[in-house]
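Following: one structure in structure tokens, then a few remarks.
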Amino acid sequence: MHIEVEETAAEPVRLFRINTGSCNGCDVELAVTSAVTEFDVEQLGCSYTGSAHEGDILLITGPLTVRAKDEVLRLYAETPQDKVTVAVGVCPVSGGVFRDSYAVDGPLERHLPVDVNVPGCPPRPQALLAGVARALEILRARRGGGERGGEPGDRKCPITDNFPARGRLSFDPGACVDCRMCRHVCAAGAIRFEEGERGARLTLWHNSCVFCGLCSHYCPTGALSVTGDWRLDHRAVDAFAQVERGEVPYAPCSGCGDPIIPAAPQLLHAAFRRPTPEIEKLTTLCPACRRRMSIGAPVR
Ligand code: SF4
Ligand code: SF4
């Protein structure tokens, strides 16, 4: 995947970083974007500054702790009016695993305008560059080109890595058996289930997911899997569209006709090397009919 960027003028766009009380995971990844040539923000025509007054793009990490809030807002007020603000990592975007803590006062957008979200815990350096490239587009539109806006060009960010870790989760409803183990193990509260008219609906919020992979690890059927797709940056106004959805359809119980979620073949083959016809029959029955069958009573 290539990140399209525009040619920049000689004067770099300044990036100013604010830590609102993070664990420093995102800040370590940001350090990579100035210390490692392959991921250097210089290839986007940017450089870091230590002065809030020079900040064209603000990169904000952390869940916004109660203790840090006043200082963060003071720093924010010192930055230029027409800057672009990027929330880096799930903490400023949604609170991440800290969202219900008494010690945080986020998410960030409750207190100041956010333009770009780069979710992840932490986001990869590739994702950070993609987020900065998106912020540059907004900055140019906001400032109408000009001295730091640069002219259109064909420079590309040479990041094409697709290593399968720390990317978006993918859901296969056809393999899901509605056991909800994934929701149980998700410390970030990123997974929700609802009962629909035709099936059970899963919603997974990319803006809350911390890429821990536990849902995928504990899913008995492989219905959830971690992909290498790290390109999760988006405009903050599109935050509510950043979801993975799927509906696990109900099927009628082969005994009484009540709606059930049948066992997917993946579960059957995980549990039994060679399922017998009797076991396969059990998978099409509701719990009440299974109990009747197991004691030899006739199934309705
Ligand atoms: S995705 Fe996997 S863990 Fe989650 S409910 Fe479906 S089968 Fe269970
Ligand atoms: S990888 Fe799965 S368990 Fe971990 S935060 Fe994301 S949705 Fe939750």
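Just remember, in the structure tokens the first chain shown is A, the second B, etc., residues are 1-based per chain, and ligands are 1-based in the order shown.
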At most 12 Å is the cut-off: for each residue in chain A with any atom that close to an atom of ligand 2, write down the nearest atom pair and the distance in Å rounded to one decimal, counting only C-alpha atoms and all ligand atoms, chain first then increasing number, as CSV.
```
residue,atom,partner,partner_atom_place_in_ligand_line,distance
A:Val90,CA,ligand 2,5 (S),10.0
A:Gly96,CA,ligand 2,5 (S),8.4
A:Val97,CA,ligand 2,5 (S),8.4
A:Pro119,CA,ligand 2,6 (Fe),11.0
A:Gly120,CA,ligand 2,6 (Fe),9.1
A:Cys121,CA,ligand 2,5 (S),8.8
A:Pro122,CA,ligand 2,5 (S),11.6
A:Ala165,CA,ligand 2,1 (S),10.2
A:Arg166,CA,ligand 2,1 (S),8.4
A:Gly167,CA,ligand 2,1 (S),8.9
A:Arg168,CA,ligand 2,6 (Fe),8.1
A:Leu169,CA,ligand 2,1 (S),6.6
A:Ser170,CA,ligand 2,7 (S),9.6
A:Phe171,CA,ligand 2,7 (S),10.2
A:Arg180,CA,ligand 2,3 (S),11.2
A:Met181,CA,ligand 2,3 (S),9.5
A:Cys182,CA,ligand 2,3 (S),6.2
A:Arg183,CA,ligand 2,3 (S),7.1
A:His184,CA,ligand 2,3 (S),8.4
A:Val185,CA,ligand 2,3 (S),5.8
A:Cys186,CA,ligand 2,3 (S),3.7
A:Ala187,CA,ligand 2,8 (Fe),6.1
A:Ala188,CA,ligand 2,5 (S),4.9
A:Gly189,CA,ligand 2,8 (Fe),6.3
A:Ala190,CA,ligand 2,7 (S),5.1
A:Ile191,CA,ligand 2,7 (S),5.7
A:Arg192,CA,ligand 2,7 (S),9.5
A:Leu202,CA,ligand 2,7 (S),10.9
A:Thr203,CA,ligand 2,7 (S),9.5
A:Leu204,CA,ligand 2,7 (S),6.2
A:Trp205,CA,ligand 2,7 (S),7.3
A:His206,CA,ligand 2,6 (Fe),7.4
A:Asn207,CA,ligand 2,6 (Fe),9.2
A:Ser208,CA,ligand 2,5 (S),6.8
A:Cys209,CA,ligand 2,6 (Fe),3.6
A:Val210,CA,ligand 2,5 (S),4.2
A:Phe211,CA,ligand 2,1 (S),4.0
A:Cys212,CA,ligand 2,4 (Fe),4.0
A:Gly213,CA,ligand 2,1 (S),3.7
A:Leu214,CA,ligand 2,3 (S),4.5
A:Cys215,CA,ligand 2,3 (S),4.1
A:Ser216,CA,ligand 2,2 (Fe),6.3
A:His217,CA,ligand 2,3 (S),8.6
A:Tyr218,CA,ligand 2,3 (S),8.9
A:Cys219,CA,ligand 2,2 (Fe),9.7
A:Ala223,CA,ligand 2,2 (Fe),11.5
A:Leu224,CA,ligand 2,2 (Fe),8.0
A:Ser225,CA,ligand 2,1 (S),8.6
A:Val226,CA,ligand 2,1 (S),7.2
A:Thr227,CA,ligand 2,1 (S),10.3
A:Val243,CA,ligand 2,7 (S),10.5
A:Glu244,CA,ligand 2,7 (S),9.8
A:Arg245,CA,ligand 2,7 (S),11.9
```
Please report, as a PyMOL selection string, each residue of region 164-229 of chain A to which DSSP assigns helix (DSSP H, G or I) when run on this structure's backbone. chain A and resi 173-175+181-185+214-218
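Restricting the calculation to only C-alpha atoms, the smallest distance between Asp105 (chain A) and any of A:Val66, A:Leu136, A:Val93, A:Leu75 is found for A:Val66.
The space separating CA of Pro249 (chain A) from CA of Gly196 (chain A) comes to 9.0 Å.
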Kindly assemble as JSON lines a list of the region 105-134 of chain A residues that lie within 10 Å of region 33-53 of chain A, each paired with its nearest atom pair and their distance in Å to one decimal, using only C-alpha atoms, sorted first by chain and then by ascending residue number.
```
{"residue": "A:Arg124", "atom": "CA", "partner": "A:Thr33", "partner_atom": "CA", "distance": 9.9}
{"residue": "A:Pro125", "atom": "CA", "partner": "A:Thr33", "partner_atom": "CA", "distance": 6.3}
{"residue": "A:Gln126", "atom": "CA", "partner": "A:Phe39", "partner_atom": "CA", "distance": 6.9}
{"residue": "A:Leu128", "atom": "CA", "partner": "A:Thr33", "partner_atom": "CA", "distance": 7.9}
{"residue": "A:Leu129", "atom": "CA", "partner": "A:Val41", "partner_atom": "CA", "distance": 6.7}
{"residue": "A:Ala130", "atom": "CA", "partner": "A:Leu44", "partner_atom": "CA", "distance": 9.8}
{"residue": "A:Val132", "atom": "CA", "partner": "A:Val41", "partner_atom": "CA", "distance": 8.1}
{"residue": "A:Ala133", "atom": "CA", "partner": "A:Leu44", "partner_atom": "CA", "distance": 7.0}
```
Those residues with all heavy atoms, as a PDB file, in the first residue's frame please?
```pdb
ATOM      1  N   ARG A 124       1.186   1.363  14.426  1.00  0.00           N
ATOM      2  CA  ARG A 124       2.515   1.160  13.840  1.00  0.00           C
ATOM      3  C   ARG A 124       3.068   2.472  13.299  1.00  0.00           C
ATOM      4  O   ARG A 124       2.298   3.372  12.963  1.00  0.00           O
ATOM      5  CB  ARG A 124       2.418   0.230  12.639  1.00  0.00           C
ATOM      6  CG  ARG A 124       1.963  -1.134  12.898  1.00  0.00           C
ATOM      7  CD  ARG A 124       1.727  -1.747  11.543  1.00  0.00           C
ATOM      8  NE  ARG A 124       1.463  -3.147  11.619  1.00  0.00           N
ATOM      9  CZ  ARG A 124       1.815  -4.011  10.678  1.00  0.00           C
ATOM     10  NH1 ARG A 124       2.420  -3.586   9.594  1.00  0.00           N
ATOM     11  NH2 ARG A 124       1.526  -5.280  10.804  1.00  0.00           N
ATOM     12  N   PRO A 125       4.391   2.579  13.134  1.00  0.00           N
ATOM     13  CA  PRO A 125       4.961   3.767  12.495  1.00  0.00           C
ATOM     14  C   PRO A 125       4.358   4.014  11.116  1.00  0.00           C
ATOM     15  O   PRO A 125       4.130   5.161  10.727  1.00  0.00           O
ATOM     16  CB  PRO A 125       6.456   3.444  12.385  1.00  0.00           C
ATOM     17  CG  PRO A 125       6.703   2.421  13.430  1.00  0.00           C
ATOM     18  CD  PRO A 125       5.434   1.633  13.575  1.00  0.00           C
ATOM     19  N   GLN A 126       4.057   2.921  10.379  1.00  0.00           N
ATOM     20  CA  GLN A 126       3.438   3.087   9.062  1.00  0.00           C
ATOM     21  C   GLN A 126       2.104   3.814   9.190  1.00  0.00           C
ATOM     22  O   GLN A 126       1.757   4.687   8.396  1.00  0.00           O
ATOM     23  CB  GLN A 126       3.184   1.724   8.405  1.00  0.00           C
ATOM     24  CG  GLN A 126       4.411   0.918   8.122  1.00  0.00           C
ATOM     25  CD  GLN A 126       4.718  -0.051   9.240  1.00  0.00           C
ATOM     26  OE1 GLN A 126       4.598   0.285  10.420  1.00  0.00           O
ATOM     27  NE2 GLN A 126       5.130  -1.253   8.892  1.00  0.00           N
ATOM     28  N   LEU A 128       1.208   5.783  11.617  1.00  0.00           N
ATOM     29  CA  LEU A 128       1.446   7.176  12.022  1.00  0.00           C
ATOM     30  C   LEU A 128       1.765   8.037  10.807  1.00  0.00           C
ATOM     31  O   LEU A 128       1.259   9.154  10.669  1.00  0.00           O
ATOM     32  CB  LEU A 128       2.592   7.234  13.035  1.00  0.00           C
ATOM     33  CG  LEU A 128       2.296   6.538  14.376  1.00  0.00           C
ATOM     34  CD1 LEU A 128       3.535   6.496  15.244  1.00  0.00           C
ATOM     35  CD2 LEU A 128       1.170   7.250  15.103  1.00  0.00           C
ATOM     36  N   LEU A 129       2.589   7.509   9.904  1.00  0.00           N
ATOM     37  CA  LEU A 129       2.897   8.263   8.684  1.00  0.00           C
ATOM     38  C   LEU A 129       1.630   8.478   7.864  1.00  0.00           C
ATOM     39  O   LEU A 129       1.415   9.559   7.311  1.00  0.00           O
ATOM     40  CB  LEU A 129       3.924   7.513   7.833  1.00  0.00           C
ATOM     41  CG  LEU A 129       5.374   7.540   8.312  1.00  0.00           C
ATOM     42  CD1 LEU A 129       6.285   6.920   7.266  1.00  0.00           C
ATOM     43  CD2 LEU A 129       5.836   8.947   8.620  1.00  0.00           C
ATOM     44  N   ALA A 130       0.810   7.452   7.791  1.00  0.00           N
ATOM     45  CA  ALA A 130      -0.450   7.598   7.037  1.00  0.00           C
ATOM     46  C   ALA A 130      -1.327   8.673   7.670  1.00  0.00           C
ATOM     47  O   ALA A 130      -1.967   9.461   6.968  1.00  0.00           O
ATOM     48  CB  ALA A 130      -1.190   6.257   7.000  1.00  0.00           C
ATOM     49  N   VAL A 132      -0.264  11.260   9.465  1.00  0.00           N
ATOM     50  CA  VAL A 132       0.344  12.574   9.199  1.00  0.00           C
ATOM     51  C   VAL A 132       0.052  12.993   7.754  1.00  0.00           C
ATOM     52  O   VAL A 132      -0.254  14.164   7.486  1.00  0.00           O
ATOM     53  CB  VAL A 132       1.869  12.534   9.469  1.00  0.00           C
ATOM     54  CG1 VAL A 132       2.541  13.812   8.982  1.00  0.00           C
ATOM     55  CG2 VAL A 132       2.137  12.329  10.952  1.00  0.00           C
ATOM     56  N   ALA A 133       0.120  12.037   6.818  1.00  0.00           N
ATOM     57  CA  ALA A 133      -0.186  12.358   5.417  1.00  0.00           C
ATOM     58  C   ALA A 133      -1.628  12.854   5.292  1.00  0.00           C
ATOM     59  O   ALA A 133      -1.921  13.803   4.555  1.00  0.00           O
ATOM     60  CB  ALA A 133       0.031  11.125   4.536  1.00  0.00           C
TER      61      ALA A 133
END
```
Extract, using only C-alpha atoms, all DNA, RNA and protein residues at most 7 Å from Leu139 (chain A), discarding same-chain residues fewer than 4 positions from it, and format them as a PyMOL selection string. chain A and resi 83-84+135+143
